[in-house]
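One file, entry11.txt, is given below (compact mmCIF, C-alpha atoms and all ligand atoms).
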```txt
# COMPACT_ATOMS: atom_id res chain seq x y z
CA MET E 1 14.09 -22.38 -8.96
CA LYS E 2 14.06 -19.34 -11.22
CA ASP E 3 13.52 -21.39 -14.39
CA LYS E 4 10.28 -22.72 -12.91
CA ARG E 5 9.00 -19.26 -12.11
CA ILE E 6 6.43 -17.25 -14.03
CA LEU E 7 7.89 -13.98 -12.77
CA THR E 8 11.30 -14.17 -14.36
CA GLY E 9 12.40 -10.55 -14.19
CA GLU E 10 10.97 -9.47 -17.52
CA GLU E 11 9.51 -6.01 -16.94
CA LEU E 12 5.76 -5.96 -16.30
CA VAL E 13 3.47 -2.93 -16.29
CA VAL E 14 0.27 -3.08 -14.24
CA LYS E 15 -2.81 -1.16 -15.25
CA ILE E 16 -5.27 0.38 -12.79
CA GLY E 17 -8.00 1.82 -14.97
CA LYS E 18 -6.29 4.57 -16.92
CA LEU E 19 -3.16 4.46 -14.80
CA SER E 20 -0.10 2.38 -15.58
CA VAL E 21 2.44 1.39 -12.93
CA GLY E 22 5.99 0.25 -13.56
CA GLY E 23 8.26 0.59 -16.55
CA ASP E 24 8.81 4.22 -17.55
CA ASN E 25 5.56 5.43 -16.04
CA PRO E 26 5.61 8.26 -13.49
CA PRO E 27 5.55 7.23 -9.80
CA LEU E 28 2.16 6.15 -8.48
CA MET E 29 1.15 8.26 -5.49
CA ILE E 30 -1.13 6.47 -3.05
CA ALA E 31 -2.32 8.39 -0.01
CA GLY E 32 -5.09 8.36 2.53
CA PRO E 33 -5.77 7.54 6.13
CA CYS E 34 -4.58 4.36 7.81
CA ALA E 35 -8.24 3.58 8.47
CA VAL E 36 -11.57 4.82 7.22
CA GLU E 37 -13.05 6.21 10.44
CA SER E 38 -16.24 7.87 9.25
CA ARG E 39 -17.91 9.01 6.05
CA GLN E 40 -16.95 12.60 6.77
CA GLN E 41 -13.31 11.82 7.62
CA VAL E 42 -12.65 9.91 4.41
CA MET E 43 -14.56 12.41 2.27
CA GLU E 44 -12.73 15.43 3.73
CA THR E 45 -9.39 13.67 3.34
CA ALA E 46 -10.16 12.69 -0.24
CA LEU E 47 -11.17 16.22 -1.24
CA ALA E 48 -8.02 17.68 0.31
CA LEU E 49 -5.76 15.08 -1.31
CA LYS E 50 -7.37 15.63 -4.67
CA GLU E 51 -6.31 19.29 -4.53
CA ILE E 52 -2.72 18.26 -3.90
CA GLY E 53 -2.73 15.44 -6.42
CA VAL E 54 -2.99 11.74 -5.67
CA ASP E 55 -3.41 8.78 -8.01
CA LEU E 56 -5.03 6.33 -5.65
CA LEU E 57 -6.97 6.82 -2.43
CA ARG E 58 -6.17 4.40 0.38
CA GLY E 59 -8.06 3.56 3.57
CA GLY E 60 -8.28 0.42 5.67
CA VAL E 61 -11.72 -0.92 6.51
CA PHE E 62 -10.61 -4.31 7.84
CA LYS E 63 -7.71 -3.41 10.12
CA PRO E 64 -5.14 -5.94 11.28
CA ARG E 65 -4.65 -4.58 14.83
CA THR E 66 -2.27 -6.06 17.38
CA SER E 67 -4.84 -5.63 20.14
CA PRO E 68 -8.40 -6.92 19.77
CA TYR E 69 -9.50 -4.03 22.00
CA THR E 70 -8.53 -1.28 19.57
CA PHE E 71 -10.46 0.04 16.54
CA GLN E 72 -10.88 -2.82 14.07
CA GLY E 73 -12.18 -0.80 11.09
CA LEU E 74 -15.67 -0.05 9.83
CA GLY E 75 -15.90 -3.16 7.66
CA LEU E 76 -18.35 -3.12 4.78
CA LYS E 77 -19.75 0.29 5.75
CA GLY E 78 -16.22 1.70 5.48
CA LEU E 79 -15.87 0.15 2.06
CA GLU E 80 -18.94 2.06 0.91
CA TYR E 81 -17.56 5.32 2.33
CA LEU E 82 -14.19 4.80 0.66
CA LYS E 83 -15.79 4.04 -2.68
CA GLU E 84 -18.03 7.08 -2.42
CA ALA E 85 -15.02 9.29 -1.63
CA GLY E 86 -13.00 7.82 -4.51
CA GLU E 87 -15.87 8.40 -6.92
CA LYS E 88 -16.32 11.95 -5.67
CA ILE E 89 -12.74 12.85 -6.52
CA GLY E 90 -12.50 10.58 -9.56
CA THR E 91 -9.70 8.46 -8.13
CA PRO E 92 -9.44 4.67 -7.87
CA ILE E 93 -9.29 3.18 -4.38
CA ILE E 94 -7.23 0.58 -2.55
CA THR E 95 -8.06 -1.32 0.60
CA GLU E 96 -6.83 -4.41 2.40
CA VAL E 97 -8.58 -7.76 2.49
CA MET E 98 -7.70 -10.04 5.40
CA ASP E 99 -10.32 -12.74 5.14
CA GLN E 100 -11.44 -14.73 2.10
CA ARG E 101 -15.04 -14.29 3.23
CA ASN E 102 -14.81 -10.57 2.46
CA LEU E 103 -12.99 -10.94 -0.83
CA GLU E 104 -16.06 -10.78 -3.03
CA ALA E 105 -17.17 -7.47 -1.51
CA VAL E 106 -13.67 -5.98 -1.64
CA VAL E 107 -13.28 -7.03 -5.27
CA GLU E 108 -16.63 -5.46 -6.09
CA TYR E 109 -15.80 -2.12 -4.45
CA SER E 110 -12.05 -1.66 -4.63
CA ASP E 111 -9.89 -1.03 -7.70
CA VAL E 112 -6.78 -2.51 -6.10
CA ILE E 113 -6.77 -5.28 -3.49
CA GLN E 114 -4.16 -4.99 -0.77
CA ILE E 115 -2.62 -8.03 0.87
CA GLY E 116 -1.11 -6.72 4.08
CA SER E 117 2.18 -7.64 5.68
CA ARG E 118 0.56 -10.10 8.09
CA ASN E 119 -1.04 -12.02 5.24
CA MET E 120 1.91 -12.35 2.91
CA TYR E 121 2.21 -15.94 4.13
CA ASN E 122 -1.52 -16.66 3.85
CA TYR E 123 -1.26 -19.06 0.94
CA PRO E 124 -4.98 -19.82 0.65
CA LEU E 125 -5.65 -16.07 0.37
CA LEU E 126 -2.83 -15.64 -2.17
CA LYS E 127 -4.37 -18.42 -4.27
CA GLU E 128 -7.78 -16.75 -4.08
CA VAL E 129 -6.50 -13.38 -5.25
CA GLY E 130 -4.60 -15.24 -7.94
CA GLU E 131 -7.92 -16.26 -9.38
CA ILE E 132 -9.21 -12.73 -9.86
CA SER E 133 -7.99 -10.24 -12.42
CA LYS E 134 -7.93 -6.99 -10.40
CA PRO E 135 -4.51 -5.60 -9.46
CA ILE E 136 -3.09 -6.85 -6.17
CA LEU E 137 -0.76 -4.86 -3.93
CA LEU E 138 1.38 -7.43 -2.16
CA LYS E 139 3.11 -6.04 0.89
CA ARG E 140 6.24 -7.66 2.23
CA GLY E 141 5.79 -9.78 5.33
CA MET E 142 7.43 -8.01 8.25
CA SER E 143 9.82 -10.94 8.73
CA ALA E 144 9.89 -12.16 5.16
CA TYR E 145 13.05 -13.07 3.34
CA ILE E 146 13.24 -11.69 -0.19
CA LYS E 147 12.93 -15.29 -1.40
CA GLU E 148 9.69 -15.80 0.51
CA TRP E 149 8.26 -12.54 -0.82
CA ILE E 150 9.15 -13.56 -4.38
CA MET E 151 7.38 -16.87 -3.89
CA ALA E 152 4.31 -15.16 -2.39
CA ALA E 153 4.06 -13.10 -5.60
CA GLU E 154 4.64 -16.29 -7.54
CA TYR E 155 1.60 -17.88 -5.80
CA ILE E 156 -0.63 -15.10 -7.13
CA ALA E 157 0.87 -15.35 -10.60
CA ALA E 158 0.68 -19.14 -10.61
CA TYR E 159 -3.06 -18.96 -10.01
CA GLY E 160 -3.51 -16.68 -12.99
CA ASN E 161 -3.16 -13.08 -11.85
CA ARG E 162 -0.06 -11.23 -13.02
CA ASN E 163 -1.39 -7.82 -12.08
CA ILE E 164 0.78 -7.61 -9.01
CA ILE E 165 2.39 -4.52 -7.49
CA LEU E 166 4.89 -5.17 -4.71
CA CYS E 167 5.19 -2.94 -1.66
CA GLU E 168 8.23 -2.71 0.60
CA ARG E 169 6.95 -1.65 4.03
CA GLY E 170 9.91 -2.36 6.29
CA ILE E 171 11.01 -5.44 8.18
CA ARG E 172 11.63 -6.29 11.82
CA THR E 173 15.25 -6.05 12.85
CA PHE E 174 17.01 -5.52 16.20
CA GLU E 175 16.55 -1.76 15.70
CA VAL E 176 13.49 -0.41 17.46
CA TYR E 177 14.15 3.33 17.10
CA THR E 178 11.98 3.09 14.00
CA ARG E 179 8.84 0.94 13.83
CA ASN E 180 10.44 -1.16 11.10
CA THR E 181 13.67 -1.05 9.13
CA LEU E 182 12.89 0.11 5.61
CA ASP E 183 14.83 -2.17 3.28
CA LEU E 184 15.38 -0.05 0.19
CA ALA E 185 17.78 -2.57 -1.32
CA ALA E 186 14.68 -4.70 -1.84
CA VAL E 187 13.51 -2.25 -4.52
CA PRO E 188 16.15 -2.99 -7.20
CA ILE E 189 16.37 -6.62 -6.10
CA MET E 190 12.64 -7.30 -6.45
CA LYS E 191 12.50 -5.46 -9.76
CA SER E 192 15.25 -7.54 -11.29
CA GLU E 193 14.06 -10.80 -9.72
CA THR E 194 10.37 -10.48 -10.64
CA GLY E 195 10.01 -7.65 -13.18
CA LEU E 196 7.00 -6.44 -11.17
CA PRO E 197 6.44 -2.81 -10.27
CA ILE E 198 7.34 -2.05 -6.67
CA ILE E 199 6.27 0.81 -4.48
CA VAL E 200 7.48 1.83 -1.00
CA ASP E 201 5.47 2.58 2.13
CA PRO E 202 7.64 4.86 4.29
CA SER E 203 4.79 5.32 6.78
CA HIS E 204 4.79 1.76 8.12
CA GLY E 205 8.44 1.51 7.09
CA THR E 206 9.51 4.01 9.72
CA GLY E 207 6.49 4.67 11.95
CA ARG E 208 7.69 8.25 12.34
CA ARG E 209 6.24 11.25 10.59
CA GLU E 210 9.54 13.14 10.30
CA LEU E 211 11.17 10.28 8.37
CA ILE E 212 8.55 9.98 5.65
CA LEU E 213 9.96 12.64 3.32
CA PRO E 214 13.64 11.54 3.37
CA MET E 215 12.68 7.90 2.91
CA ALA E 216 10.21 8.77 0.15
CA LYS E 217 13.02 10.53 -1.72
CA GLY E 218 15.34 7.60 -1.08
CA ALA E 219 12.74 5.16 -2.35
CA LEU E 220 12.21 7.03 -5.62
CA ALA E 221 15.96 7.46 -6.06
CA CYS E 222 16.27 3.65 -5.77
CA GLY E 223 13.80 3.22 -8.62
CA ALA E 224 10.54 2.68 -6.76
CA ASP E 225 7.48 2.89 -9.00
CA GLY E 226 5.46 4.75 -6.43
CA LEU E 227 4.77 5.51 -2.79
CA MET E 228 2.04 4.74 -0.31
CA ILE E 229 1.72 7.37 2.40
CA GLU E 230 -0.67 7.69 5.32
CA ALA E 231 -2.27 11.13 5.57
CA HIS E 232 -4.98 12.21 7.97
CA ILE E 233 -7.01 15.37 8.49
CA ASP E 234 -6.34 15.21 12.24
CA PRO E 235 -3.49 12.78 13.05
CA LYS E 236 -3.58 13.57 16.79
CA ASN E 237 -7.06 12.09 16.98
CA ALA E 238 -6.61 9.30 14.44
CA LEU E 239 -7.99 5.93 15.50
CA SER E 240 -4.87 4.16 14.20
CA ASP E 241 -1.29 5.09 13.25
CA GLY E 242 -1.65 8.80 14.04
CA GLN E 243 2.08 9.09 14.91
CA GLN E 244 3.11 8.17 11.39
CA SER E 245 0.33 9.97 9.53
CA LEU E 246 1.08 13.23 7.76
CA THR E 247 -1.27 16.15 8.07
CA ILE E 248 -2.72 17.37 4.79
CA GLU E 249 -0.34 20.31 4.92
CA GLU E 250 2.64 18.00 5.44
CA PHE E 251 1.51 15.82 2.55
CA ASN E 252 1.30 18.92 0.41
CA LYS E 253 4.86 19.88 1.40
CA LEU E 254 6.09 16.38 0.62
CA THR E 255 4.50 16.48 -2.83
CA LEU E 256 6.03 19.89 -3.56
CA GLU E 257 9.45 18.72 -2.42
CA LEU E 258 9.25 15.60 -4.59
CA LYS E 259 8.35 17.86 -7.52
CA ASN E 260 11.21 20.23 -6.77
CA CYS E 261 13.62 17.30 -6.69
CA GLY E 262 12.32 16.14 -10.06
CA PHE E 263 10.79 12.90 -8.77
CA LEU E 264 7.25 13.98 -9.60
CA LYS E 265 6.09 15.95 -12.61
CA LYS E 266 5.14 19.58 -12.04
CA VAL E 267 1.72 20.22 -13.51
C1 LIG K 1 -1.76 -0.80 5.94
O1 LIG K 1 -1.16 -0.39 4.94
O2 LIG K 1 -2.90 -0.42 6.24
C2 LIG K 1 -1.13 -1.80 6.83
C3 LIG K 1 -1.80 -2.39 7.80
O3 LIG K 1 0.17 -2.00 6.54
P1 LIG K 1 1.06 -3.31 6.80
O4 LIG K 1 0.27 -4.50 6.31
O5 LIG K 1 2.28 -3.03 5.98
O6 LIG K 1 1.36 -3.37 8.27
MN MN K 2 -1.48 2.09 9.18
```
The structure in this file should be written as structure tokens.
Amino acid sequence: MKDKRILTGEELVVKIGKLSVGGDNPPLMIAGPCAVESRQQVMETALALKEIGVDLLRGGVFKPRTSPYTFQGLGLKGLEYLKEAGEKIGTPIITEVMDQRNLEAVVEYSDVIQIGSRNMYNYPLLKEVGEISKPILLKRGMSAYIKEWIMAAEYIAAYGNRNIILCERGIRTFEVYTRNTLDLAAVPIMKSETGLPIIVDPSHGTGRRELILPMAKGALACGADGLMIEAHIDPKNALSDGQQSLTIEEFNKLTLELKNCGFLKKV
């Protein structure tokens, strides 16, 4: 199988504007709220994160929620707010696309296109994002074998787009103490199998605020090329994933600790 693959393990570096991810580049720090909830919320968050230092601003506008009765995201309006906030702080943005019908808009507004865990198996969507040239963040399906995740990346590459960043976000196991089981062994495995940069999302990977810092350190120690962390100005009142979102102060502490440990550069 490997001899037929485009992603053979040869190291690839992905560019996001002026940023480079993978290889010897410093870890990419992605942070922001689970969901864009209002213009003010995303703007306030962005300004606070800018002070601390963040490479990419995240925020979901099309939210894959388990219940149809919970907040589904602000849609295109949210995309405008996220872009405005990113421009204000001079940082590229990332958001998830779930439906091909919104791809054009997401490609127009967002610097990186996220394929969420639930869509890792959505082969028509993978083919579509294979036909664009913007960087794709491909999250691991929550029940995906490494082999299936490799082939999902291969779909995107096969359709022409090699600007792929992988994201380990935890898998379902028998253990329910944490929201998911964060599979850090996937980091070196995926790097050597595909050569693609890989980041880790300890927020969805654990679902618990107090575990974000230790798992972030673990991820970087395993060779992850970056982190994606949910941070919110008021987690208690967040419309989604408040329990795993760091406050701005906690995100600041995490950044300082990663600097003290030598994982991030002190500026
Ligand atoms: C997200 O990052 O917003 C998200 C929904 O994560 P996942 O697809 O990993 O569940
Ligand atoms: Mn979330």
Q: Write out as a VMD selection string each polymer residue (protein, DNA or RNA) that has an atom no more than 12 Å from ligand MN 2 (chain K), with only C-alpha atoms and all ligand atoms counted.
A: chain E and resid 31 to 36 58 to 66 71 to 73 95 to 96 116 to 117 169 179 201 to 208 228 to 232 235 238 to 246
Q: Using all atoms listed in the file, find the one residue out of E:Ile233, E:Leu213, E:Ile115, E:Ala186 that sits nearest to ligand LIG 1 (chain K).
A: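 Result for the nearest residue to ligand LIG 1 (chain K): E:Ile115.
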**Q.** Point-to-point distance from CA of Leu196 (chain E) to atom O4 of ligand LIG 1 (chain K), Å rounded to tenths
**A.**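 For CA of Leu196 (chain E) relative to atom O4 of ligand LIG 1 (chain K), the distance reads 18.8 Å.
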Listed atoms of ligand LIG 1 (chain K), axis-aligned box, 8 Å per side: centre and edge lengths to one decimal in Å, as AutoDock Vina command-line options?
```
--center_x -0.3 --center_y -2.4 --center_z 6.6 --size_x 21.2 --size_y 20.1 --size_z 19.3
```
(Q) As an exercise, work out the distance from CA of Ile89 (chain E) to CA of Arg162 (chain E) in Å and give it to one decimal place. (A) 28.0 Å
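Every protein, DNA or RNA residue with an atom at most 8 Å from Met120 (chain E), where all atoms listed in the file count and chain neighbours fewer than 4 positions away do not, is listed here: Ile115, Gly116, Leu126, Leu138, Lys139, Arg140, Gly141, Trp149 and Ala152 of chain E.
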(Q) From (-6.3, -12.8, 3.2), in the file's coordinates, out to 10 Å: which residues are reached, counting only C-alpha atoms? Answer as a ChimeraX atom specification. (A) /E:96-103,114-116,118-129
Q. Using all atoms listed in the file, which of E:Lys236, E:Arg172, E:Arg39, E:Lys18 sits nearest ligand LIG 1 (chain K)?
A.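 Closest residue, counting all atoms listed in the file: E:Arg172.
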Q: Using all atoms listed in the file, give me every residue within 8 Å of (-8.0, 5.6, -4.3) in file coordinates, as a list in words.
A: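 In the file's frame, the residues around the point are Ile30, Ala31, Gly32, Asp55, Leu56, Leu57, Arg58, Leu82, Gly86, Thr91, Pro92, Ile93, Ile94 and Asp111 of chain E.
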Q. Which of these residues is nearest to ligand LIG 1 (chain K), using all atoms listed in the file: E:Leu137, E:Met151, E:Ile248, E:Leu184?
A.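 The answer is E:Leu137, which sits nearest to ligand LIG 1 (chain K).
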Q) Between atom O6 of ligand LIG 1 (chain K) and CA of Thr45 (chain E), what is the distance, to one decimal in Å? A) 20.7 Å
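With distances restricted to all atoms listed in the file, E:Ile113 is the closest residue to ligand LIG 1 (chain K) from E:Ala216, E:Ala221, E:Val106, E:Ile113.
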Q.
Just checking: using only C-alpha atoms, which residue out of E:Pro27, E:Gly9, E:Gly22, E:Gly130 ends up closest to Leu227 (chain E)?
A. E:Pro27
Q: Rank E:Asp183, E:Asp234, E:Glu37, E:Glu131 by their smallest atom-to-atom distance to Asn163 (chain E), using all atoms listed in the file, and report the top residue only.
A: E:Glu131
(Q) Just want the 10 Å neighbourhood of Ile164 (chain E), counted on only C-alpha atoms, with same-chain residues fewer than 2 positions away dropped. Output as a PyMOL selection string. (A) chain E and resi 12-15+21+112-114+130+133-138+153-154+156-157+161-162+166-167+196-198
Q. Near region 191-194 of chain E, within 6 Å and counting all atoms listed in the file, which residues show up once chain neighbours fewer than 3 positions away are dropped, as a PyMOL selection string?
A. chain E and resi 7-9+188
